[in-house]
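Contents: one structure, followed by commentary.
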Amino acid sequence: MKILKNFYIIRLNVISKLLQKGEHIMTFNPLEEKGMPLEKQLRNWHQIVAKPYKKQLVDCYTRTRQILMNGIEVEGWGFKHQFNRFMSEVDSEDKANISRLGRIENQQQMTCNWLGAADQSVLETTLGYEQVAVDLTAWLAQNEPDKYVKETFNFGLLEDFDHLYRYAQFAYMTEGVEPNDIVQNQTDVIVGRPTQHHHNCNGLRIRKHYDKTTASPQTKVNILTVLSGEQQTHNFYAEHGFMYGDHVLRETYAEIKDVEEEHVTMYESLIDPSETMFEKALLHEFTEVCNYYTCFEDETDEEIKKYWEIFLDMELGHLQLVAEMFKKYEKRDPEEVIGSEIIIPCRFQSQKAYVQKILEKEVDKRLAPEGEYYNKIDEIPNDWASYPVQERLAEISAPSENCINLIETYHDRDIVEANENLKNKEVSILEKGLQKKAVAHNTVMPDKLQKMIDYHEEREKQKEEII
């Protein structure tokens with residue numbers, strides 16, 4: 001951190017000054033803060049490549065913040081390239097500045113990603129990614145003012161919740177990793193909406209978009225935050241899912257990567273497609289500011305917190321630059337798009353109670369045409385567009401079901417981390433969440449799961465007697 005100190009010794013962070021004044025968070029208007037000038041943001045390699053956290057010591061929510069901000073930076077970097085590809089009316093100077101912003105976003109992404117521990121395996125990191133998805137989406141849902149958007153968050157939540165459960169089986173079988181080695185008792189690990197039923201006709205994933213003129217800045221930031229996280233999860237599985245020799249595990253990464261593709265489709269469809277590129281540019285920078293501010297406030301690792309503070313300062317500078325372009329080309333006040341107050345996209349905290357409530361209530365919910373939902377499996381018509389997709393994909397087997405069949409050999413039953421109340425409901429949750437149609441032949445049915453649980457309990461008693 002000496003490098004950081006030397007590089008930023010002349011900077012007194014605006015957020016630190018606000019906190020020293022004792023001002024409330026809601027008085028902070030990012031548009032009124034200059035942030036770090038763009039010309040001072042280029043860093044050398046020693047500053048870019050961060051010292052990684054130690055996987056044995058890191059707090060699980062430090063890891064989730066690192067994973068999320070990596071994804072948000074990837075989205076920010078990619079958007080700037082799209083901006084310059086499609087915006088012909090922007091003058092050469094402003095295009096050059098957008099490209100310079102992209103360079104800085106790329107450097108920030110490297111720092112965020114390189115904070116990850118080198119000895120953290122792909123599966124361990126995967127559990128971290130799914131903890132991000134579960135706890136981020138649950139927090140967003142509870143803090144989302146738009147009821148329809150909240151419903152969509154809740155729907156996606158139960159799918160990522162099941163992904164965590166499926167990967168946890170492989171982490172135990174392949175590397176001897178217990179789920180709580182990573183999620184640290186903050187996130188339950190138990191069956192959700194079965195992954196084999198997450199595959200849909202992609203047209204059904206298209207949801208109703210918000211109206212940009214009436215939607216809250218909170219809604220806009222919430223959607224772009226979860227979209228960035230889901231997109232990065234898809235990318236991580238695309239780039240690392242092949243790295244194990246176990247063919248069933250490789251297939252499971254492919255299966256869940258395909259679901260993440262659907263999640264990207266679903267969440268991006270919530271965005272008003274009539275937003276201009278400048279409106280989108282503003283929202284991207286504002287979303288980064290809001291997320292870095294939250295990371296800075298919540299981070300418990302003092303070394304990593306310094307990065308969040310520096311990057312917040314940088315993003316305030318980015319926001320100022322884009323806000324000036326917005327005023328120049330659209331002749332409008334940026335506050336029309338992002339408001340005048342900082343938004344809190346996520347506080348990474350345990351969401352067990354909320355997730356359990358949604359799990360028990362909505363595990364049998366399914367997508368319907370025209371952005372609607374079937375609230376019960378019995379409501380699904382025989383000609384549902386997702387049935388042919390599910391039948392085709394699982395005509396040999398469902399990899400996500402194979403992992404439960406395999407864990408029986410290793411552990412007699414599935415790996416579950418939850419309180420006894422929730423554990424006792426596992427079979428009934430599975431029974432409620434399974435469809436009657438388009439069910440893979442290798443599915444672990446509720447009666448089999450119950451037998452596995454009973455046998456495991458019997459064996460545990462036998463072990464105690466022998467020991």
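Starting from 1 in every chain, residues are counted up; chains themselves are A, B, ... following the order of the structure tokens, and ligands are numbered from 1 as listed.
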
Name the residues in contact with Leu283 in chain A at a cut-off of 9 Å, using only C-alpha atoms, excluding same-chain residues fewer than 6 positions from it; report them as a ChimeraX atom specification. /A:217,220-221,224,337-338

Write out as a PyMOL selection string each polymer residue whose atoms come within 10 Å of range 76-87 of chain A, counting only C-alpha atoms; drop sequence neighbours fewer than 5 positions from it. chain A and resi 70-71+94-96+98-109+228+277-278+280-281+284-285+287-288

So that I can check the surroundings of His198 in chain A, please list as JSON, numbers by chain every protein, DNA and RNA residue that reaches within 9 Å of it, counting only C-alpha atoms and ignoring chain neighbours fewer than 4 positions away. {"A": [159, 193, 194, 256, 259, 262, 366, 390]}

Output for the residues just chosen: N, CA and C atoms as a PDB file, in the first residue's frame:
```pdb
ATOM      1  N   GLU A 159     -33.183 -19.058  -8.645  1.00  0.00           N
ATOM      2  CA  GLU A 159     -32.378 -19.836  -9.579  1.00  0.00           C
ATOM      3  C   GLU A 159     -30.908 -19.812  -9.172  1.00  0.00           C
ATOM      4  N   ARG A 193     -35.213 -23.648  -6.722  1.00  0.00           N
ATOM      5  CA  ARG A 193     -35.922 -24.066  -7.938  1.00  0.00           C
ATOM      6  C   ARG A 193     -34.932 -24.902  -8.744  1.00  0.00           C
ATOM      7  N   PRO A 194     -35.254 -26.158  -9.065  1.00  0.00           N
ATOM      8  CA  PRO A 194     -34.259 -27.047  -9.691  1.00  0.00           C
ATOM      9  C   PRO A 194     -33.673 -26.465 -10.976  1.00  0.00           C
ATOM     10  N   ILE A 256     -25.193 -24.280 -16.245  1.00  0.00           N
ATOM     11  CA  ILE A 256     -25.485 -23.079 -15.458  1.00  0.00           C
ATOM     12  C   ILE A 256     -25.045 -21.817 -16.209  1.00  0.00           C
ATOM     13  N   VAL A 259     -27.892 -20.771 -18.166  1.00  0.00           N
ATOM     14  CA  VAL A 259     -28.905 -20.070 -17.370  1.00  0.00           C
ATOM     15  C   VAL A 259     -28.486 -18.624 -17.152  1.00  0.00           C
ATOM     16  N   GLU A 262     -29.518 -16.526 -19.860  1.00  0.00           N
ATOM     17  CA  GLU A 262     -30.922 -16.145 -19.737  1.00  0.00           C
ATOM     18  C   GLU A 262     -31.108 -15.020 -18.716  1.00  0.00           C
ATOM     19  N   ARG A 366     -43.153 -19.766 -12.494  1.00  0.00           N
ATOM     20  CA  ARG A 366     -42.546 -19.942 -13.806  1.00  0.00           C
ATOM     21  C   ARG A 366     -42.842 -18.735 -14.691  1.00  0.00           C
ATOM     22  N   GLN A 390     -36.474 -27.432 -22.598  1.00  0.00           N
ATOM     23  CA  GLN A 390     -36.044 -28.266 -21.479  1.00  0.00           C
ATOM     24  C   GLN A 390     -35.907 -29.727 -21.891  1.00  0.00           C
TER      25      GLN A 390
END
```

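Excluding Ala50 in chain A itself and same-chain residues fewer than 3 positions from it, the residues having an atom within 9 Å of it are Met1, His46, Gln47, Met110, Thr111, Cys112, Asn113, Trp114, Leu115, Ile304 and Tyr307 of chain A, counting only C-alpha atoms.
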
With N, CA and C atoms kept, could you save the residues just selected as a short mmCIF file (atom, residue, chain, number, x, y, z; two decimals), in the first residue's frame?
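Output below, filename part_11.cif:
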```cif
data_model
loop_
_atom_site.label_atom_id
_atom_site.label_comp_id
_atom_site.auth_asym_id
_atom_site.auth_seq_id
_atom_site.Cartn_x
_atom_site.Cartn_y
_atom_site.Cartn_z
N MET A 1 0.81 -1.21 0.00
CA MET A 1 0.00 0.00 0.00
C MET A 1 0.85 1.27 0.00
N HIS A 46 2.73 -1.52 -10.99
CA HIS A 46 2.81 -1.84 -9.55
C HIS A 46 1.58 -1.33 -8.80
N GLN A 47 0.99 -0.26 -9.32
CA GLN A 47 -0.23 0.25 -8.70
C GLN A 47 -1.46 -0.51 -9.18
N MET A 110 -8.70 -4.67 -13.74
CA MET A 110 -7.55 -5.53 -13.42
C MET A 110 -7.27 -5.53 -11.93
N THR A 111 -7.31 -4.37 -11.32
CA THR A 111 -7.05 -4.30 -9.88
C THR A 111 -8.09 -5.11 -9.11
N CYS A 112 -9.37 -4.90 -9.43
CA CYS A 112 -10.43 -5.64 -8.73
C CYS A 112 -10.25 -7.14 -8.89
N ASN A 113 -10.02 -7.58 -10.12
CA ASN A 113 -9.90 -9.01 -10.37
C ASN A 113 -8.66 -9.60 -9.73
N TRP A 114 -7.57 -8.85 -9.78
CA TRP A 114 -6.30 -9.34 -9.25
C TRP A 114 -6.26 -9.34 -7.71
N LEU A 115 -7.28 -8.79 -7.07
CA LEU A 115 -7.38 -8.91 -5.61
C LEU A 115 -7.68 -10.33 -5.18
N ILE A 304 -7.87 -3.22 1.44
CA ILE A 304 -8.73 -3.23 0.26
C ILE A 304 -9.63 -1.99 0.24
N TYR A 307 -8.51 0.85 -1.90
CA TYR A 307 -8.80 0.79 -3.34
C TYR A 307 -10.20 1.32 -3.64
#
```

From a DSSP pass on the backbone, collect the residues of range 255-399 of chain A flagged as strand (DSSP E or B) and hand them back as a count of residues only. 4

Which residues are close to His441 in chain A, i.e. within 10 Å by only C-alpha atoms, leaving aside same-chain residues fewer than 6 positions away? Reply as a PyMOL selection string. chain A and resi 394-398+401

Generate a file of the selected residues that holds C-alpha atoms, formatted as a tab-separated table (two decimals), in the first residue's frame.
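Saved as again-v2.tsv:
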```
chain	number	residue	atom	x	y	z
A	394	ALA	CA	-32.00	-32.85	-20.95
A	395	GLU	CA	-32.79	-35.61	-23.43
A	396	ILE	CA	-29.66	-37.51	-22.32
A	397	SER	CA	-29.52	-36.25	-18.73
A	398	ALA	CA	-29.47	-33.08	-16.63
A	401	GLU	CA	-29.12	-33.69	-11.30
```

Asn402 in chain A environment, 8 Å, only C-alpha atoms, sequence neighbours closer than 3 positions dropped, as an mmCIF file with C-alpha atoms, in the first residue's frame:
```cif
data_model
loop_
_atom_site.group_PDB
_atom_site.id
_atom_site.type_symbol
_atom_site.label_atom_id
_atom_site.label_comp_id
_atom_site.auth_asym_id
_atom_site.auth_seq_id
_atom_site.Cartn_x
_atom_site.Cartn_y
_atom_site.Cartn_z
ATOM 1 C CA VAL A 248 -20.172 -34.074 -15.181
ATOM 2 C CA SER A 397 -29.524 -36.248 -18.727
ATOM 3 C CA ALA A 398 -29.469 -33.081 -16.626
ATOM 4 C CA PRO A 399 -25.897 -32.506 -15.353
ATOM 5 C CA ASN A 405 -26.758 -38.634 -7.713
ATOM 6 C CA LEU A 406 -22.971 -38.570 -7.358
ATOM 7 C CA ASN A 442 -31.893 -38.865 -13.929
ATOM 8 C CA THR A 443 -33.765 -36.482 -11.631
#
```

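Atom pair CA of Ile467 in chain A / CA of Lys451 in chain A has a distance of 24.2 Å (rounded to one decimal).
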
So that I can see what lies close to range 117-124 of chain A, please list as an mmCIF file with C-alpha atoms, in the first residue's frame the residues with an atom at most 7 Å from it, counting only C-alpha atoms and leaving out residues fewer than 6 positions away in the same chain.
```
data_model
loop_
_atom_site.group_PDB
_atom_site.id
_atom_site.type_symbol
_atom_site.label_atom_id
_atom_site.label_comp_id
_atom_site.auth_asym_id
_atom_site.auth_seq_id
_atom_site.Cartn_x
_atom_site.Cartn_y
_atom_site.Cartn_z
ATOM 1 C CA PRO A 52 -4.403 -10.377 -3.235
ATOM 2 C CA TYR A 53 -6.396 -11.214 -0.154
ATOM 3 C CA LYS A 54 -5.650 -14.450 1.689
ATOM 4 C CA LYS A 55 -8.454 -16.911 1.076
ATOM 5 C CA ALA A 171 -16.756 -28.434 -4.198
ATOM 6 C CA ILE A 182 -16.480 -19.860 1.534
ATOM 7 C CA HIS A 240 -13.192 -21.373 -16.459
#
```

Kindly assemble as a Markdown table a list of the range 68-146 of chain A residues that lie within 10 Å of range 289-303 of chain A, each paired with its nearest atom pair and their distance in Å to one decimal, using only C-alpha atoms, sorted first by chain and then by ascending residue number.
```
| residue | atom | partner | partner_atom | distance |
| --- | --- | --- | --- | --- |
| A:Leu68 | CA | A:Asn291 | CA | 9.0 |
| A:Met69 | CA | A:Asn291 | CA | 7.6 |
| A:Ile72 | CA | A:Asn291 | CA | 8.7 |
```

For the residues in that selection, give me C-alpha atoms as a tab-separated table (two decimals), in the first residue's frame.
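Below is the file that was written, part_16.tsv:
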```tsv
chain	number	residue	atom	x	y	z
A	68	LEU	CA	-19.12	-7.64	-7.93
A	69	MET	CA	-16.86	-4.67	-8.67
A	72	ILE	CA	-19.26	-3.74	-12.82
```

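Minimum atom-to-atom distance to Tyr172 in chain A, evaluated using only C-alpha atoms, belongs to A:Asp414 out of A:Glu465, A:Asp414, A:Asp364, A:Glu261.
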
Grab the CA of Trp384 in chain A to CA of Thr195 in chain A distance for me, in Å with one decimal place. 17.7 Å

Between A:Leu270, A:Thr174, A:Gly116, A:Lys257, smallest distance to Asp146 in chain A by only C-alpha atoms belongs to A:Leu270
